[in-house]
Amino acid sequence: MGLYAEHIFPRLMESGLKGELHRRYRRRVLSRAQGHVLEVGFGTGLNLECYPMSVRRVTGIDPAAVLERRVRARIARAPFPVDRVIHDAADRLPFPDGHFDTVTTTWTLCSIERLRDALLELRRALKPSGELLFLEHGRNDKGWVSRVQDTLNPIQNVVACGCNINRKIDDEIEGGGFRIVDLDRFTMPGVPRALGSVYLGVARPRGGSRLAGPRRAGP
């Protein structure tokens, strides 16, 4: 990792994602988390304060360790054990099949290079009765916005260290072995649509217990 990717961008990203609005969305999606949680894209541990009391342990994976002092402080304050594994989510995960009760991703799926491989691995590591809880930004359904996203994406990919703003997150999740059972689509207030088109929802492994079909709200 270079100086920008290791020191500068993590600080910029944390500054942009730690505000009260983002915290409110985190708490909303993580409210269903329970048991042993696999958090993909652990980053600097911003999610730790947002998990409910039903969580008994969090295992966080990330391809790199950044801002270690902040991370250690947040882990020390967590009311449950926290394990960290430096690992690319798209590679074979070092966990047995059906190991986790919940998998969580927040503003993470945009930057995994081999996303389909990663989702298939998350599907494998999640219990058949478990849930994938996701809070992501991605492709807007309005044609002119998606065209802007396609135009800006190469620049975003460079300045944001691999982030893609034009991924159709719901299609990616369902193509990775999951079935979306709840989905809310909206644009974050005060954020341009190209950057703030949000996918917030719940998915279950295909073949798990059935729920009602997905709820889709327009952006």
# chains A, B, ... in the order shown; residues from 1 in each chain; ligands from 1

$ select_by_dssp --residues "segment 9-63 of chain A" --states "helix (DSSP H, G or I)" --output "PyMOL selection string"
chain A and resi 9-17+20-30+48-50

$ write_last_selection --atoms "N, CA, C and O atoms" --output "compact mmCIF listing (two decimals), in the first residue's frame"
# COMPACT_ATOMS: atom_id res chain seq x y z
N PHE A 9 -6.18 8.29 2.38
CA PHE A 9 -7.55 7.91 2.02
C PHE A 9 -8.33 7.33 3.19
O PHE A 9 -9.51 7.66 3.35
N PRO A 10 -7.75 6.47 4.06
CA PRO A 10 -8.53 5.98 5.19
C PRO A 10 -9.05 7.10 6.09
O PRO A 10 -10.17 7.01 6.60
N ARG A 11 -8.28 8.15 6.26
CA ARG A 11 -8.75 9.27 7.07
C ARG A 11 -9.87 10.03 6.36
O ARG A 11 -10.85 10.46 6.99
N LEU A 12 -9.74 10.21 5.06
CA LEU A 12 -10.79 10.87 4.30
C LEU A 12 -12.08 10.05 4.33
O LEU A 12 -13.17 10.58 4.52
N MET A 13 -11.95 8.74 4.15
CA MET A 13 -13.12 7.87 4.14
C MET A 13 -13.81 7.87 5.50
O MET A 13 -15.03 7.97 5.59
N GLU A 14 -13.02 7.76 6.57
CA GLU A 14 -13.62 7.75 7.90
C GLU A 14 -14.33 9.07 8.19
O GLU A 14 -15.43 9.09 8.75
N SER A 15 -13.72 10.17 7.79
CA SER A 15 -14.34 11.47 8.01
C SER A 15 -15.70 11.56 7.30
O SER A 15 -16.65 12.13 7.83
N GLY A 16 -15.78 10.96 6.12
CA GLY A 16 -17.02 11.03 5.36
C GLY A 16 -18.08 10.06 5.83
O GLY A 16 -19.27 10.25 5.54
N LEU A 17 -17.71 9.01 6.56
CA LEU A 17 -18.65 7.96 6.91
C LEU A 17 -18.99 7.86 8.39
O LEU A 17 -19.76 6.99 8.78
N GLU A 20 -23.46 11.51 11.95
CA GLU A 20 -24.68 11.03 12.58
C GLU A 20 -25.64 10.39 11.57
O GLU A 20 -26.29 9.39 11.87
N LEU A 21 -25.73 10.95 10.36
CA LEU A 21 -26.61 10.36 9.36
C LEU A 21 -26.16 8.94 8.99
O LEU A 21 -26.96 8.01 8.96
N HIS A 22 -24.87 8.78 8.74
CA HIS A 22 -24.35 7.46 8.43
C HIS A 22 -24.53 6.52 9.62
O HIS A 22 -24.85 5.33 9.44
N ARG A 23 -24.32 7.02 10.82
CA ARG A 23 -24.49 6.19 12.01
C ARG A 23 -25.94 5.71 12.13
O ARG A 23 -26.20 4.55 12.50
N ARG A 24 -26.87 6.57 11.79
CA ARG A 24 -28.28 6.19 11.87
C ARG A 24 -28.59 5.06 10.88
O ARG A 24 -29.31 4.12 11.22
N TYR A 25 -28.06 5.14 9.68
CA TYR A 25 -28.26 4.07 8.70
C TYR A 25 -27.57 2.78 9.16
O TYR A 25 -28.11 1.68 8.96
N ARG A 26 -26.39 2.91 9.73
CA ARG A 26 -25.70 1.72 10.23
C ARG A 26 -26.54 1.01 11.29
O ARG A 26 -26.71 -0.22 11.25
N ARG A 27 -27.05 1.76 12.23
CA ARG A 27 -27.84 1.16 13.30
C ARG A 27 -29.10 0.51 12.74
O ARG A 27 -29.52 -0.55 13.22
N ARG A 28 -29.68 1.13 11.75
CA ARG A 28 -30.89 0.57 11.15
C ARG A 28 -30.62 -0.80 10.54
O ARG A 28 -31.33 -1.76 10.81
N VAL A 29 -29.59 -0.90 9.71
CA VAL A 29 -29.35 -2.18 9.03
C VAL A 29 -28.77 -3.22 9.98
O VAL A 29 -29.08 -4.42 9.87
N LEU A 30 -27.97 -2.80 10.95
CA LEU A 30 -27.34 -3.76 11.86
C LEU A 30 -28.25 -4.20 13.00
O LEU A 30 -27.89 -5.09 13.77
N LEU A 48 -18.82 -0.99 15.14
CA LEU A 48 -18.86 -1.68 16.43
C LEU A 48 -19.85 -1.07 17.40
O LEU A 48 -20.53 -1.80 18.14
N GLU A 49 -19.97 0.24 17.42
CA GLU A 49 -20.89 0.88 18.36
C GLU A 49 -22.35 0.76 17.94
O GLU A 49 -23.25 1.13 18.70
N CYS A 50 -22.59 0.23 16.74
CA CYS A 50 -23.94 0.19 16.20
C CYS A 50 -24.60 -1.19 16.29
O CYS A 50 -25.77 -1.33 15.94

$ select_by_dssp --residues "segment 129-217 of chain A" --states "strand (DSSP E)" --output "list in words"
Ser129, Gly130, Glu131, Leu132, Leu133, Phe134, Leu135, Glu136, His137, Phe178, Arg179, Ile180, Val181, Asp182, Leu183, Asp184, Arg185, Phe186, Thr187, Ser197, Val198, Tyr199, Leu200, Gly201, Val202, Ala203, Arg204 and Pro205 of chain A

$ closest_atom_pairs --of "segment 124-151 of chain A" --to "segment 80-93 of chain A" --cutoff "12 Å" --atoms "only C-alpha atoms" --output "tab-separated table"
residue	atom	partner	partner_atom	distance
A:Arg124	CA	A:Leu93	CA	9.1
A:Ala125	CA	A:Leu93	CA	7.7
A:Leu126	CA	A:Leu93	CA	11.3

$ write_last_selection --atoms "N, CA and C atoms" --output "PDB file, in the first residue's frame"
ATOM      1  N   ARG A 124     -21.114 -19.340   1.521  1.00  0.00           N
ATOM      2  CA  ARG A 124     -20.625 -20.594   2.081  1.00  0.00           C
ATOM      3  C   ARG A 124     -20.419 -20.507   3.585  1.00  0.00           C
ATOM      4  N   ALA A 125     -19.880 -19.391   4.059  1.00  0.00           N
ATOM      5  CA  ALA A 125     -19.546 -19.250   5.479  1.00  0.00           C
ATOM      6  C   ALA A 125     -20.752 -18.929   6.355  1.00  0.00           C
ATOM      7  N   LEU A 126     -21.879 -18.566   5.741  1.00  0.00           N
ATOM      8  CA  LEU A 126     -23.079 -18.196   6.491  1.00  0.00           C
ATOM      9  C   LEU A 126     -23.963 -19.417   6.703  1.00  0.00           C
TER      10      LEU A 126
END

$ residues_around --residues "Asp150 of chain A" --least-positions-apart "5" --cutoff "12 Å" --atoms "only C-alpha atoms" --output "PDB file with N, CA and C atoms, in the first residue's frame"
ATOM      1  N   GLY A 138     -24.520   2.434  -4.867  1.00  0.00           N
ATOM      2  CA  GLY A 138     -24.319   1.813  -6.162  1.00  0.00           C
ATOM      3  C   GLY A 138     -25.119   2.496  -7.251  1.00  0.00           C
ATOM      4  N   ARG A 139     -25.461   1.727  -8.261  1.00  0.00           N
ATOM      5  CA  ARG A 139     -26.067   2.254  -9.476  1.00  0.00           C
ATOM      6  C   ARG A 139     -27.469   2.786  -9.212  1.00  0.00           C
ATOM      7  N   ASN A 140     -27.725   3.972  -9.694  1.00  0.00           N
ATOM      8  CA  ASN A 140     -29.052   4.574  -9.607  1.00  0.00           C
ATOM      9  C   ASN A 140     -29.910   4.057 -10.752  1.00  0.00           C
ATOM     10  N   GLY A 143     -31.858   6.748 -15.674  1.00  0.00           N
ATOM     11  CA  GLY A 143     -30.902   6.618 -16.755  1.00  0.00           C
ATOM     12  C   GLY A 143     -29.836   7.692 -16.795  1.00  0.00           C
ATOM     13  N   TRP A 144     -30.235   8.940 -16.578  1.00  0.00           N
ATOM     14  CA  TRP A 144     -29.242  10.006 -16.684  1.00  0.00           C
ATOM     15  C   TRP A 144     -28.244   9.949 -15.538  1.00  0.00           C
ATOM     16  N   VAL A 145     -28.711   9.518 -14.360  1.00  0.00           N
ATOM     17  CA  VAL A 145     -27.793   9.396 -13.222  1.00  0.00           C
ATOM     18  C   VAL A 145     -26.822   8.244 -13.457  1.00  0.00           C
ATOM     19  N   ILE A 155     -12.677   7.622 -12.642  1.00  0.00           N
ATOM     20  CA  ILE A 155     -12.023   8.593 -11.759  1.00  0.00           C
ATOM     21  C   ILE A 155     -12.228   8.185 -10.307  1.00  0.00           C
ATOM     22  N   GLN A 156     -13.461   7.826  -9.963  1.00  0.00           N
ATOM     23  CA  GLN A 156     -13.764   7.399  -8.604  1.00  0.00           C
ATOM     24  C   GLN A 156     -12.926   6.190  -8.214  1.00  0.00           C
ATOM     25  N   ASN A 157     -12.738   5.278  -9.150  1.00  0.00           N
ATOM     26  CA  ASN A 157     -11.983   4.064  -8.881  1.00  0.00           C
ATOM     27  C   ASN A 157     -10.555   4.366  -8.462  1.00  0.00           C
ATOM     28  N   ASN A 164     -16.283   1.576  -6.698  1.00  0.00           N
ATOM     29  CA  ASN A 164     -17.097   1.680  -7.906  1.00  0.00           C
ATOM     30  C   ASN A 164     -18.469   2.230  -7.537  1.00  0.00           C
ATOM     31  N   ILE A 165     -18.922   3.233  -8.278  1.00  0.00           N
ATOM     32  CA  ILE A 165     -20.208   3.852  -7.954  1.00  0.00           C
ATOM     33  C   ILE A 165     -21.330   3.392  -8.869  1.00  0.00           C
ATOM     34  N   ASN A 166     -21.048   2.465  -9.799  1.00  0.00           N
ATOM     35  CA  ASN A 166     -22.059   2.070 -10.775  1.00  0.00           C
ATOM     36  C   ASN A 166     -22.422   0.589 -10.708  1.00  0.00           C
ATOM     37  N   ARG A 167     -22.161  -0.058  -9.589  1.00  0.00           N
ATOM     38  CA  ARG A 167     -22.532  -1.461  -9.465  1.00  0.00           C
ATOM     39  C   ARG A 167     -24.006  -1.596  -9.082  1.00  0.00           C
ATOM     40  N   LYS A 168     -24.694  -2.537  -9.727  1.00  0.00           N
ATOM     41  CA  LYS A 168     -26.086  -2.842  -9.390  1.00  0.00           C
ATOM     42  C   LYS A 168     -26.054  -3.835  -8.235  1.00  0.00           C
ATOM     43  N   ALA A 194     -25.212  10.504  -7.832  1.00  0.00           N
ATOM     44  CA  ALA A 194     -24.180   9.629  -8.382  1.00  0.00           C
ATOM     45  C   ALA A 194     -23.379   8.942  -7.282  1.00  0.00           C
ATOM     46  N   LEU A 195     -23.292   9.573  -6.120  1.00  0.00           N
ATOM     47  CA  LEU A 195     -22.515   9.023  -5.006  1.00  0.00           C
ATOM     48  C   LEU A 195     -23.387   8.486  -3.880  1.00  0.00           C
TER      49      LEU A 195
END

$ closest_residue --among "A:Arg116, A:Ala160, A:Gly196, A:Glu136" --to "Gly176 of chain A" --atoms "only C-alpha atoms"
A:Arg116

$ residues_around --residues "Glu68 of chain A" --least-positions-apart "6" --cutoff "12 Å" --atoms "only C-alpha atoms" --output "number ranges by chain"
A: 6-7, 10-11, 42-45, 74-75, 84

$ closest_residue --among "A:Asp182, A:Gly207, A:Gly162, A:Leu135" --to "Arg114 of chain A" --atoms "only C-alpha atoms"
A:Gly162

$ atom_distance --atom1 "atom CA of Tyr51 of chain A" --atom2 "atom CA of Leu115 of chain A"
24.7 Å

$ residues_around --residues "Ile180 of chain A" --least-positions-apart "3" --cutoff "8 Å" --atoms "only C-alpha atoms" --output "list in words"
Asp170, Ile173, Glu174, Leu183, Gly201, Val202, Ala203, Arg204, Gly213 and Pro214 of chain A

$ decode --residues "segment 30-75 of chain A" --atoms "C-alpha atoms" --output "PDB file, in the first residue's frame"
ATOM      1  CA  LEU A  30     -27.335  -3.758  11.859  1.00  0.00           C
ATOM      2  CA  SER A  31     -30.336  -3.951  14.211  1.00  0.00           C
ATOM      3  CA  ARG A  32     -31.049  -7.485  12.919  1.00  0.00           C
ATOM      4  CA  ALA A  33     -27.523  -8.769  13.581  1.00  0.00           C
ATOM      5  CA  GLN A  34     -27.201 -11.610  16.050  1.00  0.00           C
ATOM      6  CA  GLY A  35     -24.860 -14.293  17.294  1.00  0.00           C
ATOM      7  CA  HIS A  36     -21.436 -14.588  15.686  1.00  0.00           C
ATOM      8  CA  VAL A  37     -21.116 -11.883  13.023  1.00  0.00           C
ATOM      9  CA  LEU A  38     -18.753 -11.812  10.078  1.00  0.00           C
ATOM     10  CA  GLU A  39     -18.175  -8.175   9.130  1.00  0.00           C
ATOM     11  CA  VAL A  40     -16.745  -7.740   5.646  1.00  0.00           C
ATOM     12  CA  GLY A  41     -14.708  -4.574   5.216  1.00  0.00           C
ATOM     13  CA  PHE A  42     -14.060  -3.976   8.900  1.00  0.00           C
ATOM     14  CA  GLY A  43     -12.076  -0.811   8.162  1.00  0.00           C
ATOM     15  CA  THR A  44     -11.597   1.297  11.276  1.00  0.00           C
ATOM     16  CA  GLY A  45     -14.376  -0.357  13.274  1.00  0.00           C
ATOM     17  CA  LEU A  46     -17.085   2.280  12.845  1.00  0.00           C
ATOM     18  CA  ASN A  47     -19.796  -0.377  12.983  1.00  0.00           C
ATOM     19  CA  LEU A  48     -18.858  -1.681  16.426  1.00  0.00           C
ATOM     20  CA  GLU A  49     -20.885   0.878  18.360  1.00  0.00           C
ATOM     21  CA  CYS A  50     -23.942   0.191  16.198  1.00  0.00           C
ATOM     22  CA  TYR A  51     -24.435  -3.520  16.847  1.00  0.00           C
ATOM     23  CA  PRO A  52     -27.338  -4.597  19.102  1.00  0.00           C
ATOM     24  CA  MET A  53     -27.054  -6.616  22.292  1.00  0.00           C
ATOM     25  CA  SER A  54     -28.006  -9.778  20.371  1.00  0.00           C
ATOM     26  CA  VAL A  55     -24.456  -9.909  18.940  1.00  0.00           C
ATOM     27  CA  ARG A  56     -22.088 -12.075  20.959  1.00  0.00           C
ATOM     28  CA  ARG A  57     -18.940 -11.880  18.784  1.00  0.00           C
ATOM     29  CA  VAL A  58     -17.690 -10.049  15.681  1.00  0.00           C
ATOM     30  CA  THR A  59     -15.055 -11.317  13.293  1.00  0.00           C
ATOM     31  CA  GLY A  60     -13.935  -8.565  10.937  1.00  0.00           C
ATOM     32  CA  ILE A  61     -12.081  -9.179   7.693  1.00  0.00           C
ATOM     33  CA  ASP A  62     -10.264  -6.600   5.625  1.00  0.00           C
ATOM     34  CA  PRO A  63      -7.483  -6.805   3.038  1.00  0.00           C
ATOM     35  CA  ALA A  64      -5.326  -4.341   4.998  1.00  0.00           C
ATOM     36  CA  ALA A  65      -4.919  -2.880   8.468  1.00  0.00           C
ATOM     37  CA  VAL A  66      -5.191   0.925   8.655  1.00  0.00           C
ATOM     38  CA  LEU A  67      -5.301   3.546  11.430  1.00  0.00           C
ATOM     39  CA  GLU A  68      -4.404   0.920  14.006  1.00  0.00           C
ATOM     40  CA  ARG A  69      -4.589   3.174  17.057  1.00  0.00           C
ATOM     41  CA  ARG A  70      -8.210   4.103  16.333  1.00  0.00           C
ATOM     42  CA  VAL A  71      -9.119   0.517  15.578  1.00  0.00           C
ATOM     43  CA  ARG A  72      -7.652  -0.810  18.823  1.00  0.00           C
ATOM     44  CA  ALA A  73      -9.486   1.840  20.838  1.00  0.00           C
ATOM     45  CA  ARG A  74     -12.825   0.931  19.255  1.00  0.00           C
ATOM     46  CA  ILE A  75     -12.245  -2.778  19.780  1.00  0.00           C
TER      47      ILE A  75
END
